[in-house]
Structure formats: structure tokens, C-alpha cells
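S.K.: Okay, here's the structure, questions in a sec.
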Amino acid sequence: MAHNMKMVILLNGPWVEKYRPKTLDEVVGQDHTISRLKRYVKEGNMPNLMFTGPAGVGKTTTAIALAKEMLGEYWRQNFLELNASDARGIDTVRNDIKSFCRLKAVGSPFRIIFLDEVDNMTKDAQHALRREMEMYTKTSSFILSCNYSSKIIDPIQSRCAIFRFTPVKGHQIIHRLEYIAEAENLNINISAIESIVYFAEGDMRRAVNILQASASMDEEITEESIHDVVSKAKPKDVKKIVNKALDGDFLSARELLREVMVVQGTSGEDMVTQIYQEVSRMALEDSIRENIYIKLIESIGETDYRIREGSNPRIQLEALLTKFLINTKAD
Amino acid sequence: MLWTEKYGPKSFDEVLGNIKIKDAIVEWTEEWLNGNTQKCMLLIGPAGTGKTTLAHLAAKEFSEYIELNASDKRSYDIINNTIGEASASKSLYGDGLKLIIMDEVDGIHGTEDRGGTRAITKIIKEGHHPLIMMANDPYSKRLKSLKPKCNTLILRKVHTNSIVSLLKKICVKEGVEFEEHVIRNLAKRSNGDLRSAINDLEVIARGKDKITSEDLEFLSKKDDIANIFDSVRIVLKSKNPRRIKDAMKLDVEPSFILELIAENIPKEYEKVHELQKAYEMISLADIYLGRAFNTRVYTYWKYTYELMSLGVALSKDETYRKFSRFTNSSIFSMLSKSRSKRDLKDRVAEKMGEQLHSSKKVVKEQFPYMEIMFQNDETAYDLATYYGLSDDEVKLFRSRKIKIKKTKPQKPVPSPKMSDKSLSGFKTKTTKKSASKLQDKKSLEEKKPDSKSDKKVKGDRKKKRSVNKKLFNKLEDKTSDKNEKSDGDKEEDKSQTSLFNF
């Protein structure tokens, strides 16, 4: 009862937090992984773990839930959560981990360090991390998470049990969204939920964000409101950029691209996805010929790959824009 | 005494190069002295071509002169006070003509010099005094408004032969033996900058009786640091591998050179396939930058240099014979203009990241959705409170301020039932007027209500309104009815304050 009262005065904050699963059982769509992790909890011991998988499929959620169940009542004191993207570099990793691991676990069998987005760490930092992992095996376990395990150096991979998280399946997302809708008393129909699932592409975080955004806009959430939210959330001007480049106006297209990326802060990955979607839409509407379309797709795909290899995504996208020029001349 | 001073021209006759301009200035000076008001002078040219020298020679003809430099802080006021005064008031003595020399007017910029150009324009308009201004970059935007109002003269680089002959003269006077090719080399490397040629000569020859090619080596380090725009020009204009390789000997980050070359490719290359090929090279060069960064193997940089220089240079079919204006990348101005906004985004992302167990990057990806959520007053209020965002930080997501309905100050953490009872009490017993009176009184009592408790109260009230039946099934039906009813009241009259909204 007391607990309930406290709940009442809580704010209605971000739903991605409010409805973040609190236990391993609540985690959606990673059944294989969860059942193996629960075995660790039962045994009261775990090796170093690595969670890999795309965004929004439950890596962080699972790590926190696992820590809670593994460490018990005093999990907060014995759990360190670090984000490698924000604190990348050797020093941060060393200092934070060292000072945390030096102390023995109190109230829990051992301590857990959760290091998120390890693939954003430099190779040097990863090597340093490897040494730390070895040094504190007796007192601490590591959970590392990353999008691409290929970006993690082999010595780290070989020291971890690797768990691959898959995109959350459509029906599972539907189930979860329906649960939230009921708890929030939303007026939403199934076709709207299905359309969220379509746009979420297996990313639960995006699905929940779309739902909350739609709920904040309309009393009644329909398929249209979902489309509205998704198109509002898209980086703007991509269509313009593509069209300007296709018209042969490279300088304007490039300037607009820079504006969107530098000023609005759209990421390279987002940009390339949007350009891809715009081009495929144009192909569907027959506004570009198939042979041109496939050439563009080839270039876009290559750019997508290079963005991850290169140092400056914007430079790669500027290079991509030049590929749009000749295709109009061929017309 | 520095040799540049010692051997600088003492009269107009001794000035090297730019004869027409020299004559124009001589004439301009004479006209002024004869009492004919003249347009002001704007001398534009690269460093070491004699702008300052000419201005100083002119200054000798006038009774007084004032000189301002780019190193002075040029706020509107400073220019106005020092020059405006000199320009408006006539000197008590002599002809009363005060020459004003403004060096590096294209260097006036930024917020520090706010209104600088405006001040100059004003002085040009009002001034009864001769004004000579100097600038390096003929294309500077700062000069755009000045140019039409001035007599603009463009100075060319001093010819190598003229420099050679002057350097020789100096050597003879200083009693330094020299080899012809050493002098010629000095002159060439100065690239038409007479001042730097004399400076270089002084560095290697002062106090010696002989200079040789070995002395030149001493200078070569400085030579490596060429001007980055010259390098960009060479890459885009030339196809000569040696020259291009030399041009890459810059003391600048490769990513910066890459940016500038990429920026200017479309300004030089006209054919689409050239542009594509060149940008392909840029793309590859960037990949090696990425590989170098990711693996910390910085020897990869050599491929970056080759690809972005020679690779880009060889992407053109023929060298173009045209004048191209190469510019700085628009990226840098965009970056500086959007800096505060980006900082704000970072700050907000960090705050949110702590709550969301996410990196700044992941949080920023969710910004577009937050922007939508923040359009709704209630959601905006809840989220802002949840994340602890300030008003300024909220502006990132919505332009309007969040409409906060005033609430009755309450004890921080009331039990829901209690507050509901008291609420229904107010609802029935108070009129609009007495309610607001009551509120005034209350707010006097709690002059400084703790903002936290205030927010909690707000959350409390809001929560009650949101029909979360699970949590409310223990409340009496009556109360919840009243809640709903009061909700309806709120819809009808939004301007009403606090208590009535319940």
C-alpha cells in the first residue's frame, strides 16, 4: 500500500523508462538468452558476458535486470554502469573500473561492471580493458554490450560468453505496446499498433517512443497519427537534398546536407537510411528508371559501409551526392 | 635596426613595384594637400607588397596621422572615439589634415569588433580627413560594403627580379658576399613578399661576411609551412606530382586539409565525372583517416595525403585555365554558429542519458520523438521535471514556455486520499474569488516554496487527473467523479487559476 501511494505521486516520465522491464522474466523477445542467464542466477555465478545486437532490443535492460537478480538487495552498491561512448578513452575506463574493482563486494557475492557501447571504444582502450578484466576476475564480472561484435578485439571476445540479441519480433512488440496502452488507458486501435511495429523495425525503444509521442499529440491514436509522428521525426530536407543532386545542383545539395548534419545534428547513419528510403520511394513512383535506381542503391550501400569505416560520415555522404549527378545526365 | 626598416623606402621614388598605385597615392596626397577632398583609399594586396610602406610615406606628407591596427580591439566605440574625433574636429595647427591609417580592415570581425565596419562607414561618410585602409583578402565579406565607397587599389606581388636586385643591394651595403643562386632562391621562396625576403636575408646574413646554400637549409623548415590555400590551389590547378607532394608539407591536421580540398573541388572541376572521381578520392582518403583513428596506426595517414592530393589532382582531364576563388569550408562557420545549440544538445543528452541508461548518441537519436512529446504541455512538464531540465534546456524541444497551471501549495508528499478530500472540500466551499484570496494567503505563508515539493504536488495533481484506474481503484467513486467533473471545468475555462481547476 505504501508503495502504491508513492507510485501515485510519481511523474509520468518517459515511457521507455517507465515500462523498462524490471526483471529478466519481463524482458521481451530474447527467450534463449534469458533462459541461459537465469541459469547463471540460479547458480549464483557468471562468467564475463558480452551482449551484442542492434539498438533497442534489450541489452541494457537485460544487464540491469540480471545485475539485480544476481546481486540481490545491495545490487546498486555493487553494480557499475559505464558508457563507453561518452567516456571513451583508456583513462576513463582504467580509473573508473580500477577504483570500483579495488573494493570487495559488500552484501553481494561479487561485483558487476556493465560497460555499454564497447564498440565505440578505441582499440587501445579495449586492450586496456582486457587487462582490467583479467586483473579483477576474482572480485568482479563484466557485462559488455555492443552493436557490432566485429568491432571488438578478439582477446576480449574470447574472454566473454557471447549472447546475440535479435530484433524484437513483431508480435512481441505488439504485445508490449498493448500492455502499455492499457496501463496508460490509451485510445488506440490495432492497425495503429501494427503501423508502429512496422516503423520500429524490431527496435523496442523506438516503438515505445513513437507510442508516447503519438499519445502526446492525439487523444485517439490512429494509423494516421503514427505516420504523422514518424514523418515529423524524420530528418528534414532529405527529399530536397536528393532532388537537388538529381537536378545537377551539387553545391546546393551539399550545402543543405551540411546544414542538416551539422546544424540539426542528424547522424550519418540516419542520413544514409533516409536517402535510401527516399530513393526507393522514387523508384516505386517510377520517377527514376530501374537501371539508375540500382546504380544509386549500389552507391548508397557502399556509402553506408564506408561511413562505418571512415572518420567523417558527412564527407562520405558528400561523395555519395556526386553519384546522383551523372544519373540525371543519362536521362 | 631591422633591415626591413633600414632598407625600406624612404620616399615614393624608392618604392619597388606597383608603379601605378604608387602614382595614384602620390596624386591623392597632393590633391588633399591642395585642399581637394578625396575619396578614401583602400589598398588591397598580399603581405609584403608595400601597403603599409605606401601609407607611411603618404603620412609623411601630412601634418599628423593616426594609425590603427587589427591588433587593436576595434569595437564600435574605440573606432568612434579615436577616429571619429580626429575626423570631425579640425586641428588647430597647420593645414589641419590628419591622415587616418587603418590596417587590416578585413580583420575586423566577430562579436569582439561588433559594428566595426559600421563605424568605418560612418567615418567615411562624415570625415573631412584623409583615410587610407589596408586589407589582405580582396574577397573578404567585410570589404563588400566598404569597397564601393572607396578608391580601391589592388597591389600585386613584387616581381622576383626586383626582390633579387634589392637583396643584392643590401648584401653589398652590409658587406656580405653572396652567390647569385642563393639570393635568387631567397627571392623566389618569398613569393613576392618583399618583407619576408629581407627578413630571411637578415636571418642568414646578419653579422656574416658570406652566405651559401647551406644557410638556405636553415630556412627550409619555415618553408615547409606553406599557406594552406596555396596548397589547395596547387592540388586543384596542377597535375605535377612533385609540386603536389610539396604542397602537402603543411603543419595542419590532415582532416582540415581534406575538408578544404573537398570544399573547393566543385569550384574548380566542371565535368561531372571529374567531380565524382575527385570525391571518390576524398572518400577513400577519409576512410584511411578513420582506419588510422580506429587502429591508432597513424602511418595510414600517408595514404590519406596521397589520395586527397594527387588522387584529386589527377581526377581532372585537363588543367583549367581560369580564375577560381577558393574559399574556406562552410562547415566551419556552421559549426561556430551552431556551437551553442550543439553544446545545449550535449548537455541535455547527458542529463537524459543518466536517466535513460544511454549514451549521448543514443539519446540524441530520440530527440525527434521528444520534440513531439514536448509539444504537449502536460507531457512536457512531466518530462522536463523528470529529467530536471531548465527552461533554457526545454527550449531545445519547444519554443513556447510550458504553461504551468498554478497549483495550491501543499505539503510535499501528501497521501492521495488526504489531498483528494481537501480538494473536494475546496471545490465545494470556495468561490473563485475566495479561492484566489486563499491562495495569496497561502503563498505568503510559504514565501519560498521548495520547488521540489511544488513539482511533486504538481505531479500528484496531474496523476489524479490521468485516469490510471489501477492505482485509483481504492478511491471512492465519489471522489473520482469529482475529479472528472473538475477536469471538465478546466476545459471550459483555462485561464482560471489553480484551485478552480480542481
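A note on labels: chains of the C-alpha cells are A, B, ... as shown, every chain counts residues from 1, and ligands are counted from 1 in their shown order.
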Excluding Asp203 in chain A and residues on its chain fewer than 6 positions from it, collect all residues at most 12 Å away from it, counting only C-alpha atoms, and give them as a list in words.
M.R.: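 Non-adjacent residues within range: Val16, Val28, Gly29, Gly53, Pro54, Ala55, Gly56, Val57, Gly58, Lys59, Phe165, Thr166, Pro167, Val168, Lys169, Gly170, Gln172, Ile173, Ile174, Ile196, Val197, Asn209 and Ile210 of chain A.
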S.K.: Up to 6 Å from chain A, what residues of chain B turn up? Count only C-alpha atoms and give them as an MDAnalysis selection string.
M.R.: chainID B and resid 276 279 283 286:287 289:290 294:295 338 368:369 372:373 376 382:383 386 459:460
S.K.: What would the file look like if the residues just selected were written as a compact mmCIF listing (two decimals), in the first residue's frame with all heavy atoms?
M.R.:
```
# COMPACT_ATOMS: atom_id res chain seq x y z
N GLN B 276 33.07 13.48 -59.60
CA GLN B 276 32.84 12.18 -58.96
C GLN B 276 34.13 11.49 -58.60
O GLN B 276 34.28 10.95 -57.51
CB GLN B 276 32.03 11.29 -59.91
CG GLN B 276 30.58 11.73 -60.01
CD GLN B 276 29.80 10.85 -60.95
OE1 GLN B 276 30.35 10.35 -61.94
NE2 GLN B 276 28.52 10.68 -60.69
N TYR B 279 35.83 13.25 -55.73
CA TYR B 279 35.18 13.00 -54.44
C TYR B 279 35.37 11.55 -54.00
O TYR B 279 35.40 11.25 -52.80
CB TYR B 279 33.69 13.37 -54.50
CG TYR B 279 33.36 14.50 -53.55
CD1 TYR B 279 32.96 15.75 -54.01
CD2 TYR B 279 33.47 14.32 -52.17
CE1 TYR B 279 32.68 16.79 -53.14
CE2 TYR B 279 33.19 15.35 -51.29
CZ TYR B 279 32.79 16.58 -51.78
OH TYR B 279 32.52 17.60 -50.90
N SER B 283 36.70 10.45 -50.49
CA SER B 283 36.04 9.43 -49.68
C SER B 283 37.06 8.39 -49.20
O SER B 283 37.07 8.01 -48.02
CB SER B 283 34.93 8.78 -50.50
OG SER B 283 34.57 7.53 -49.98
N ASP B 286 39.32 9.76 -46.58
CA ASP B 286 38.64 9.80 -45.28
C ASP B 286 38.63 8.43 -44.62
O ASP B 286 38.73 8.31 -43.40
CB ASP B 286 37.21 10.32 -45.47
CG ASP B 286 36.41 10.29 -44.17
OD1 ASP B 286 36.78 11.08 -43.27
OD2 ASP B 286 35.48 9.49 -44.05
N ILE B 287 38.49 7.39 -45.44
CA ILE B 287 38.49 6.04 -44.88
C ILE B 287 39.83 5.76 -44.20
O ILE B 287 39.87 5.17 -43.11
CB ILE B 287 38.19 5.01 -45.98
CG1 ILE B 287 36.69 5.07 -46.28
CG2 ILE B 287 38.59 3.61 -45.55
CD1 ILE B 287 36.25 4.15 -47.36
N LEU B 289 41.74 7.95 -42.88
CA LEU B 289 41.73 8.72 -41.63
C LEU B 289 41.02 7.92 -40.54
O LEU B 289 41.46 7.85 -39.40
CB LEU B 289 40.99 10.06 -41.81
CG LEU B 289 41.76 11.23 -42.40
CD1 LEU B 289 40.85 12.45 -42.38
CD2 LEU B 289 43.01 11.51 -41.60
N GLY B 290 39.89 7.33 -40.94
CA GLY B 290 39.11 6.53 -40.00
C GLY B 290 39.90 5.33 -39.52
O GLY B 290 39.93 5.03 -38.33
N ASN B 294 40.88 4.54 -35.74
CA ASN B 294 40.35 3.36 -35.05
C ASN B 294 41.44 2.41 -34.58
O ASN B 294 41.30 1.75 -33.57
CB ASN B 294 39.39 2.62 -35.97
CG ASN B 294 38.09 3.38 -36.13
OD1 ASN B 294 37.68 4.09 -35.23
ND2 ASN B 294 37.46 3.25 -37.28
N THR B 295 42.49 2.32 -35.39
CA THR B 295 43.52 1.35 -35.03
C THR B 295 44.71 2.00 -34.37
O THR B 295 45.61 1.32 -33.90
CB THR B 295 44.02 0.63 -36.29
OG1 THR B 295 44.54 1.62 -37.18
CG2 THR B 295 42.90 -0.13 -36.97
N SER B 338 26.47 27.18 -34.82
CA SER B 338 25.57 26.26 -34.12
C SER B 338 26.18 25.74 -32.83
O SER B 338 25.62 24.88 -32.19
CB SER B 338 25.22 25.08 -35.03
OG SER B 338 26.38 24.38 -35.40
N PRO B 368 14.09 13.62 -31.86
CA PRO B 368 12.92 13.96 -32.69
C PRO B 368 11.61 13.55 -32.03
O PRO B 368 10.62 14.28 -32.12
CB PRO B 368 13.15 13.16 -33.96
CG PRO B 368 14.62 12.92 -34.03
CD PRO B 368 15.09 12.84 -32.61
N TYR B 369 11.59 12.40 -31.34
CA TYR B 369 10.36 11.98 -30.68
C TYR B 369 10.07 12.87 -29.47
O TYR B 369 8.94 13.21 -29.19
CB TYR B 369 10.46 10.51 -30.24
CG TYR B 369 10.65 9.57 -31.40
CD1 TYR B 369 11.86 8.91 -31.60
CD2 TYR B 369 9.64 9.38 -32.33
CE1 TYR B 369 12.04 8.07 -32.68
CE2 TYR B 369 9.80 8.54 -33.41
CZ TYR B 369 11.02 7.88 -33.58
OH TYR B 369 11.20 7.07 -34.65
N ILE B 372 8.33 15.98 -30.32
CA ILE B 372 6.88 15.83 -30.47
C ILE B 372 6.21 15.77 -29.09
O ILE B 372 5.23 16.44 -28.83
CB ILE B 372 6.55 14.57 -31.29
CG1 ILE B 372 7.17 14.67 -32.68
CG2 ILE B 372 5.04 14.37 -31.38
CD1 ILE B 372 7.12 13.40 -33.48
N MET B 373 6.80 14.96 -28.21
CA MET B 373 6.19 14.82 -26.87
C MET B 373 6.14 16.16 -26.15
O MET B 373 5.19 16.45 -25.43
CB MET B 373 7.02 13.85 -26.02
CG MET B 373 7.02 12.42 -26.53
SD MET B 373 8.10 11.40 -25.49
CE MET B 373 8.53 10.08 -26.60
N ASN B 376 3.13 18.81 -26.14
CA ASN B 376 2.01 18.68 -25.23
C ASN B 376 2.41 19.23 -23.86
O ASN B 376 3.40 18.79 -23.27
CB ASN B 376 1.65 17.19 -25.14
CG ASN B 376 0.49 16.93 -24.19
OD1 ASN B 376 0.49 17.44 -23.07
ND2 ASN B 376 -0.46 16.15 -24.64
N ASP B 382 5.95 17.04 -17.38
CA ASP B 382 6.40 15.81 -16.72
C ASP B 382 7.83 15.46 -17.13
O ASP B 382 8.66 15.13 -16.29
CB ASP B 382 5.46 14.66 -17.10
CG ASP B 382 4.18 14.70 -16.29
OD1 ASP B 382 4.08 15.60 -15.44
OD2 ASP B 382 3.31 13.85 -16.50
N LEU B 383 8.08 15.52 -18.43
CA LEU B 383 9.41 15.12 -18.89
C LEU B 383 10.47 16.09 -18.38
O LEU B 383 11.53 15.67 -17.92
CB LEU B 383 9.43 15.06 -20.42
CG LEU B 383 8.63 13.91 -21.04
CD1 LEU B 383 8.67 13.99 -22.56
CD2 LEU B 383 9.16 12.55 -20.59
N TYR B 386 11.03 15.32 -14.87
CA TYR B 386 11.68 14.01 -14.74
C TYR B 386 13.18 14.12 -14.99
O TYR B 386 14.00 13.59 -14.25
CB TYR B 386 11.04 13.04 -15.72
CG TYR B 386 11.56 11.62 -15.61
CD1 TYR B 386 10.98 10.71 -14.74
CD2 TYR B 386 12.63 11.20 -16.39
CE1 TYR B 386 11.45 9.41 -14.64
CE2 TYR B 386 13.11 9.90 -16.29
CZ TYR B 386 12.51 9.01 -15.42
OH TYR B 386 12.99 7.74 -15.32
N GLY B 459 2.85 16.89 -9.78
CA GLY B 459 2.78 15.52 -10.27
C GLY B 459 1.58 14.82 -9.65
O GLY B 459 0.82 14.15 -10.32
N ASP B 460 1.40 15.06 -8.39
CA ASP B 460 0.30 14.48 -7.66
C ASP B 460 -1.02 14.81 -8.34
O ASP B 460 -1.80 13.95 -8.69
CB ASP B 460 0.35 15.08 -6.23
CG ASP B 460 -0.72 14.49 -5.35
OD1 ASP B 460 -1.37 13.52 -5.79
OD2 ASP B 460 -0.90 14.98 -4.25
```
S.K.: With only C-alpha atoms as the atoms that count, which of A:Ile34, A:Met135, A:Ile162, A:Val279 lies nearest to Arg94 in chain A?
M.R.: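 Going through A:Ile34, A:Met135, A:Ile162, A:Val279 one by one, the smallest distance to Arg94 in chain A is for A:Met135.
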S.K.: Residues at most 9 Å from Tyr305 in chain B, counting only C-alpha atoms, excluding those fewer than 6 positions away in the same chain, as a list in words?
M.R.: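 After dropping sequence-adjacent residues, the list is Lys245, Met248, Pro254, Ile257, Leu258, Ala285 and Gly311 of chain B.
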S.K.: Output C-alpha atoms for every residue in the selection just made, as a compact mmCIF listing (two decimals), in the first residue's frame.
M.R.:
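What ended up in part20.txt:
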```
# COMPACT_ATOMS: atom_id res chain seq x y z
CA LYS B 245 53.62 16.42 -52.92
CA MET B 248 51.15 18.68 -48.75
CA PRO B 254 45.00 16.12 -42.47
CA ILE B 257 43.22 19.87 -45.46
CA LEU B 258 40.78 17.23 -46.64
CA ALA B 285 41.21 9.48 -48.05
CA GLY B 311 44.37 11.49 -56.27
```
S.K.: Would you give me, as a count of residues only, the residues in range 8-202 of chain A that DSSP reads as strand (DSSP E or B)?
M.R.: 28
S.K.: Between A:Ser150, A:Thr23, A:Asn78, A:Thr222, which one has atoms that come closest to Phe114 in chain A, using only C-alpha atoms?
M.R.: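 Under the stated criterion, the closest residue is A:Asn78.
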S.K.: Could you check how far CA of Pro109 in chain A sits from CA of Ile143 in chain A, in Å to one decimal?
M.R.: 15.8 Å
S.K.: By how many Å are CA of Asp193 in chain B and CA of Glu30 in chain B apart?
M.R.: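 These atoms are spaced 28.3 Å apart.
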S.K.: Calculate how many Å separate CA of Leu257 in chain A from CA of Ile234 in chain B, rounding to one decimal.
M.R.: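 Distance between the two atoms: 27.2 Å.
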S.K.: Could you tell me, as JSON, numbers by chain, which residues of range 255-376 of chain B DSSP assigns to helix (DSSP H, G or I) when given the backbone?
M.R.: {"B": [255, 256, 257, 258, 259, 260, 261, 262, 263, 264, 265, 266, 267, 268, 272, 273, 274, 275, 276, 277, 278, 279, 280, 281, 282, 283, 284, 285, 286, 287, 288, 289, 290, 291, 292, 293, 294, 295, 298, 299, 300, 301, 302, 303, 304, 305, 306, 307, 308, 309, 310, 311, 312, 313, 330, 331, 332, 333, 334, 335, 336, 337, 339, 340, 341, 342, 343, 344, 345, 346, 347, 348, 349, 350, 351, 352, 353, 354, 355, 356, 360, 361, 362, 363, 364, 365, 366, 367, 368, 369, 370, 371, 372, 373]}
